[in-house]
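Novice: This is the structure I have questions about; it appears just below.
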Amino acid sequence: MEAASLQGILAFVHAVEAGSFTGAGERLNVTKSAVGKSIAQLERRLAVRLLNRTTRSLSPTSEGLSYYEACVRALAEIDAAQSLLASRRQVPSGKLRVDVPLAFGRRCVAPVLFGIASRHPDLTMEISFSDRRVDLIEEGIDLAIRMGDLDDSLSLAARRIYTQRSAICAAPAYLEQHGRPQSIEDLAGHSIIAYGRNGIVHPWMVRHADGHIGKFRPQARLILGHGEPMLDAALAGCGITFLPTWLTADSLRSGELETVLSDCLIENIVVHAIWPVTRNLAPKVRVVVDALVEHFSSPPWDHPWSSDLEK
């Protein structure tokens with residue numbers, strides 16, 4: 001856009017908002033006649049009358065009102081872009097309160113946060129680890145990592161950072177003793193380790209023999225309320241379980257666990273970074289979100305064996 005065009009737009013927007021050329025000129029620190037000339041040139045370029053002018057009043061035409069609304073949106077975008085560039089030049093500093101899920105946060109998010117803390121000595125981090133869904137606004141949390149569905153809240157902004165993939169797996173000793181299931185239906189004859197709380201066993205999302213992805217509700221022999229004890233139980237040979245790759249990667253690489261029904265590897269939970277909505281994203285929040293997006297674009301636990309699981 002030419003500078004003259006932008007100048008005409010600014011003059012027009014301020015004239016509508018001020019209700020006069022004089023008021024617009026005072027806002028822009030130019031003369032009344034300069035405002036009128038800029039708007040007249042804009043109207044000629046657009047070949048449309050934008051303003052109704054009388055000796056006593058100034059008001060937008062119907063076309064002028066539509067154009068005004070579009071200009072306000074465009075100027076807001078320009079302002080936001082300028083603010084973003086300015087924020088990127090700022091150094092992250094101050095106190096940042098972050099809330100992350102217990103196991104996923106400790107294993108996958110915390111190393112990224114520790115790296116940021118070491119690179120930015122002016123930044124103080126307070127990190128809480130909890131599977132409870134915190135209220136960011138009420139509890140003064142700057143940034144949270146949330147797994148699963150998001151609440152429909154206009155007060156929170158979100159950015160997807162990762163999609164969790166899970167696999168059915170068991171210890172080789174268990175499979176040698178009890179056999180390897182060949183289908184989802186075969187799991188009914190096996191000891192199952194499942195996640196559950198308050199008497200509710202969470203279903204597995206699996207790919208069935210006909211190819212469709214659906215819920216499988218395991219008849220579990222061992223129900224645990226946390227992923228890490230589920231991993232411990234599987235390693236101890238207690239049965240077959242369904243766990244995310246970020247939790248099982250080391251055990252699968254070492255051979256302590258083997259995948260079962262490997263064609264049932266499923267992307268089952270979306271992970272977001274969320275934060276309270278603000279006009280300009282604070283540098284201390286931005287640097288963490290950007291680092292998480294980059295880290296989770298190619299997470300170490302999905303390589304190199306993840307491609308083998310999907311064959």
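By order of appearance in the structure tokens: chains A, B, ..., then residues from 1 within every chain, and ligands from 1 in the order shown.
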Show me, as CSV, the residues of stretch 157-213 of chain A having an atom within 8 Å of stretch 232-246 of chain A, each with the closest atom pair and its distance in Å, using only C-alpha atoms.

Specialist:
residue,atom,partner,partner_atom,distance
A:Gln164,CA,A:Pro244,CA,6.6
A:Arg165,CA,A:Pro244,CA,5.5
A:Ser166,CA,A:Pro244,CA,3.9
A:Ala167,CA,A:Phe242,CA,5.6
A:Ile168,CA,A:Phe242,CA,4.4
A:Cys169,CA,A:Thr241,CA,5.6
A:Ala170,CA,A:Ile240,CA,4.7
A:Ala171,CA,A:Gly237,CA,5.5
A:Pro172,CA,A:Gly237,CA,8.0
A:Ala173,CA,A:Gly237,CA,6.4
A:Tyr174,CA,A:Gly237,CA,5.1
A:His190,CA,A:Gly239,CA,7.0
A:Ser191,CA,A:Gly239,CA,4.8
A:Ile192,CA,A:Ile240,CA,5.0
A:Ile193,CA,A:Thr241,CA,4.9
A:Ala194,CA,A:Thr241,CA,6.2
A:Trp204,CA,A:Phe242,CA,7.0

Novice: Using all heavy atoms, can you export the residues from the last selection as a short mmCIF file (atom, residue, chain, number, x, y, z; two decimals), in the first residue's frame?

Specialist:
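Contents of the output file selection.cif:
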data_model
loop_
_atom_site.label_atom_id
_atom_site.label_comp_id
_atom_site.auth_asym_id
_atom_site.auth_seq_id
_atom_site.Cartn_x
_atom_site.Cartn_y
_atom_site.Cartn_z
N GLN A 164 -0.71 -36.48 21.02
CA GLN A 164 -0.20 -37.69 21.67
C GLN A 164 -0.60 -38.94 20.88
O GLN A 164 -1.72 -39.05 20.40
CB GLN A 164 -0.77 -37.77 23.08
CG GLN A 164 -0.45 -39.07 23.80
CD GLN A 164 -1.03 -39.11 25.18
OE1 GLN A 164 -0.55 -38.44 26.08
NE2 GLN A 164 -2.09 -39.89 25.37
N ARG A 165 0.34 -39.86 20.77
CA ARG A 165 0.07 -41.15 20.14
C ARG A 165 0.27 -42.25 21.18
O ARG A 165 1.19 -42.20 21.99
CB ARG A 165 0.99 -41.37 18.95
CG ARG A 165 0.94 -40.23 17.96
CD ARG A 165 1.61 -40.56 16.65
NE ARG A 165 2.94 -41.11 16.82
CZ ARG A 165 3.59 -41.78 15.86
NH1 ARG A 165 3.01 -42.00 14.71
NH2 ARG A 165 4.80 -42.23 16.06
N SER A 166 -0.61 -43.21 21.15
CA SER A 166 -0.56 -44.28 22.14
C SER A 166 -0.53 -45.64 21.46
O SER A 166 -1.03 -45.80 20.34
CB SER A 166 -1.76 -44.21 23.09
OG SER A 166 -1.72 -43.02 23.85
N ALA A 167 0.06 -46.61 22.15
CA ALA A 167 0.19 -47.96 21.61
C ALA A 167 -0.16 -48.99 22.68
O ALA A 167 0.05 -48.75 23.87
CB ALA A 167 1.62 -48.20 21.10
N ILE A 168 -0.66 -50.12 22.26
CA ILE A 168 -0.90 -51.24 23.15
C ILE A 168 0.42 -51.99 23.30
O ILE A 168 1.10 -52.28 22.32
CB ILE A 168 -1.98 -52.18 22.57
CG1 ILE A 168 -3.29 -51.40 22.37
CG2 ILE A 168 -2.22 -53.37 23.50
CD1 ILE A 168 -4.35 -52.19 21.62
N CYS A 169 0.79 -52.28 24.53
CA CYS A 169 2.10 -52.90 24.75
C CYS A 169 2.08 -53.80 25.98
O CYS A 169 1.16 -53.75 26.81
CB CYS A 169 3.18 -51.84 24.88
SG CYS A 169 2.85 -50.62 26.16
N ALA A 170 3.11 -54.64 26.10
CA ALA A 170 3.25 -55.55 27.22
C ALA A 170 4.70 -56.00 27.31
O ALA A 170 5.49 -55.84 26.36
CB ALA A 170 2.35 -56.76 27.04
N ALA A 171 5.07 -56.57 28.45
CA ALA A 171 6.42 -57.09 28.63
C ALA A 171 6.58 -58.40 27.86
O ALA A 171 5.64 -59.20 27.79
CB ALA A 171 6.69 -57.31 30.11
N PRO A 172 7.76 -58.65 27.28
CA PRO A 172 7.98 -59.91 26.56
C PRO A 172 7.68 -61.13 27.42
O PRO A 172 7.14 -62.12 26.91
CB PRO A 172 9.47 -59.83 26.18
CG PRO A 172 9.77 -58.37 26.15
CD PRO A 172 8.93 -57.75 27.21
N ALA A 173 8.02 -61.08 28.72
CA ALA A 173 7.78 -62.24 29.59
C ALA A 173 6.29 -62.56 29.68
O ALA A 173 5.89 -63.73 29.68
CB ALA A 173 8.35 -61.97 30.98
N TYR A 174 5.46 -61.52 29.75
CA TYR A 174 4.02 -61.75 29.81
C TYR A 174 3.53 -62.39 28.52
O TYR A 174 2.73 -63.35 28.53
CB TYR A 174 3.27 -60.43 30.06
CG TYR A 174 1.77 -60.60 29.96
CD1 TYR A 174 1.02 -60.99 31.07
CD2 TYR A 174 1.11 -60.43 28.74
CE1 TYR A 174 -0.35 -61.20 30.97
CE2 TYR A 174 -0.25 -60.63 28.63
CZ TYR A 174 -0.98 -61.01 29.75
OH TYR A 174 -2.33 -61.24 29.65
N HIS A 190 -7.02 -61.72 28.18
CA HIS A 190 -5.75 -61.32 28.78
C HIS A 190 -5.97 -60.44 30.01
O HIS A 190 -7.03 -59.84 30.20
CB HIS A 190 -4.90 -60.55 27.76
CG HIS A 190 -4.29 -61.43 26.73
ND1 HIS A 190 -3.03 -61.97 26.86
CD2 HIS A 190 -4.76 -61.88 25.53
CE1 HIS A 190 -2.74 -62.69 25.79
NE2 HIS A 190 -3.78 -62.65 24.97
N SER A 191 -4.93 -60.37 30.84
CA SER A 191 -4.93 -59.44 31.96
C SER A 191 -4.67 -58.04 31.41
O SER A 191 -3.70 -57.82 30.69
CB SER A 191 -3.84 -59.81 32.97
OG SER A 191 -4.11 -61.06 33.56
N ILE A 192 -5.55 -57.11 31.77
CA ILE A 192 -5.46 -55.76 31.24
C ILE A 192 -5.15 -54.78 32.37
O ILE A 192 -5.74 -54.83 33.45
CB ILE A 192 -6.79 -55.34 30.56
CG1 ILE A 192 -7.10 -56.28 29.40
CG2 ILE A 192 -6.72 -53.89 30.08
CD1 ILE A 192 -6.11 -56.25 28.27
N ILE A 193 -4.21 -53.89 32.08
CA ILE A 193 -3.88 -52.78 32.99
C ILE A 193 -4.50 -51.53 32.40
O ILE A 193 -4.17 -51.14 31.28
CB ILE A 193 -2.36 -52.60 33.12
CG1 ILE A 193 -1.69 -53.92 33.52
CG2 ILE A 193 -2.02 -51.49 34.10
CD1 ILE A 193 -0.19 -53.93 33.27
N ALA A 194 -5.40 -50.89 33.13
CA ALA A 194 -6.12 -49.75 32.57
C ALA A 194 -6.04 -48.55 33.49
O ALA A 194 -5.76 -48.67 34.69
CB ALA A 194 -7.59 -50.11 32.32
N TRP A 204 -10.03 -47.17 25.67
CA TRP A 204 -8.92 -47.01 24.75
C TRP A 204 -9.48 -46.62 23.39
O TRP A 204 -10.55 -47.09 22.99
CB TRP A 204 -8.13 -48.31 24.59
CG TRP A 204 -7.52 -48.84 25.86
CD1 TRP A 204 -7.50 -48.25 27.08
CD2 TRP A 204 -6.84 -50.09 26.01
NE1 TRP A 204 -6.85 -49.04 27.99
CE2 TRP A 204 -6.43 -50.19 27.36
CE3 TRP A 204 -6.53 -51.14 25.14
CZ2 TRP A 204 -5.74 -51.29 27.86
CZ3 TRP A 204 -5.84 -52.24 25.62
CH2 TRP A 204 -5.44 -52.31 26.98
#

Novice: Mind checking DSSP for stretch 169-199 of chain A and telling me the strand (DSSP E or B) residues as a list of chain:residue names?

Specialist: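 Filtering stretch 169-199 of chain A to strand (DSSP E or B) leaves A:Cys169, A:Ala170, A:Ile192, A:Ile193, A:Ala194, A:Tyr195, A:Gly196, A:Arg197.
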
Novice: Please report the interatomic distance between atom CA of A:Leu292 and atom CA of A:Val277 in Å with one decimal.

Specialist: 18.5 Å

Novice: Given the choices A:Arg217, A:His272, A:His212, A:Arg44, which gets closest to A:Gly196 if the distance is worked out from only C-alpha atoms?

Specialist: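 Distance minimum relative to A:Gly196 lands on A:Arg217.
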
Novice: My list of candidates is A:Ile274, A:Ile116, A:Ala188, A:Ile213. Which is closest to A:Ile141 when distances are computed with only C-alpha atoms?

Specialist: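 Closest to A:Ile141, using only C-alpha atoms: A:Ile274.
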
Novice: Let me make sure I understand: among A:Leu10, A:Val98, A:Val206, A:Ile145, which one has the smallest atom-to-atom distance to A:Ser183 if we use only C-alpha atoms?

Specialist: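 The closest residue to A:Ser183 is A:Val206.
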
Novice: Identify, with DSSP run on backbone atoms, the residues in stretch 92-254 of chain A assigned to helix (DSSP H, G or I), and express the list as a PyMOL selection string.

Specialist: chain A and resi 102-119+136-139+172-178+184-189+227-235+245-254

Novice: For the atom pair atom CA of A:Ala117 and atom CA of A:Thr163, what is the interatomic distance in Å to one decimal place?

Specialist: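 These atoms are spaced 25.1 Å apart.
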
Novice: Please, what distance in Å, to one decimal, runs between atom CA of A:Ser93 and atom CA of A:Val112?

Specialist: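 Result for atom CA of A:Ser93 versus atom CA of A:Val112: 16.8 Å, one decimal.
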
Novice: Given only C-alpha atoms as the basis, pick out the residue of A:Leu136, A:Ala220, A:Ala18, A:Val109 nearest to A:Asp151.

Specialist: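 Among the listed residues, A:Leu136 lies closest to A:Asp151.
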
Novice: Do a neighbour search on A:Thr22 at 10 Å with only C-alpha atoms, toss out local chain neighbours closer than 6 positions, and write the hits as a ChimeraX atom specification.

Specialist: /A:14-15,28,30-36

Novice: Mind writing the picked residues with N, CA, C and O atoms as a CSV table (one decimal), in the first residue's frame?

Specialist:
chain,number,residue,atom,x,y,z
A,14,HIS,N,-10.3,8.8,11.2
A,14,HIS,CA,-10.3,9.8,12.3
A,14,HIS,C,-11.5,10.8,12.0
A,14,HIS,O,-12.1,11.3,13.0
A,15,ALA,N,-11.8,11.1,10.8
A,15,ALA,CA,-12.9,12.0,10.5
A,15,ALA,C,-14.2,11.4,10.9
A,15,ALA,O,-15.1,12.1,11.5
A,28,LEU,N,-4.4,14.1,14.1
A,28,LEU,CA,-3.3,13.8,13.2
A,28,LEU,C,-2.3,14.9,13.2
A,28,LEU,O,-1.2,14.7,12.5
A,30,VAL,N,-2.5,17.8,11.7
A,30,VAL,CA,-2.5,18.4,10.4
A,30,VAL,C,-3.6,19.4,10.3
A,30,VAL,O,-4.5,19.4,11.2
A,31,THR,N,-3.7,20.2,9.3
A,31,THR,CA,-4.8,21.1,9.1
A,31,THR,C,-6.1,20.5,8.7
A,31,THR,O,-6.1,19.4,8.1
A,32,LYS,N,-7.2,21.2,8.9
A,32,LYS,CA,-8.5,20.8,8.5
A,32,LYS,C,-8.5,20.5,6.9
A,32,LYS,O,-9.1,19.6,6.4
A,33,SER,N,-7.9,21.5,6.2
A,33,SER,CA,-7.9,21.4,4.7
A,33,SER,C,-7.1,20.2,4.3
A,33,SER,O,-7.4,19.5,3.3
A,34,ALA,N,-6.0,19.8,5.0
A,34,ALA,CA,-5.2,18.6,4.6
A,34,ALA,C,-6.0,17.4,4.8
A,34,ALA,O,-5.9,16.4,4.0
A,35,VAL,N,-6.8,17.3,5.8
A,35,VAL,CA,-7.7,16.1,6.0
A,35,VAL,C,-8.7,16.0,4.9
A,35,VAL,O,-8.9,15.0,4.3
A,36,GLY,N,-9.3,17.2,4.6
A,36,GLY,CA,-10.3,17.1,3.5
A,36,GLY,C,-9.7,16.7,2.2
A,36,GLY,O,-10.3,16.0,1.4

Novice: Any idea what's packed within 10 Å of stretch 100-105 of chain A, counting only C-alpha atoms, ignoring anything in its chain fewer than 6 positions away? Could you give it as a PyMOL selection string?

Specialist: chain A and resi 111-113+127-134+143-147+226-228+244+246-247+273
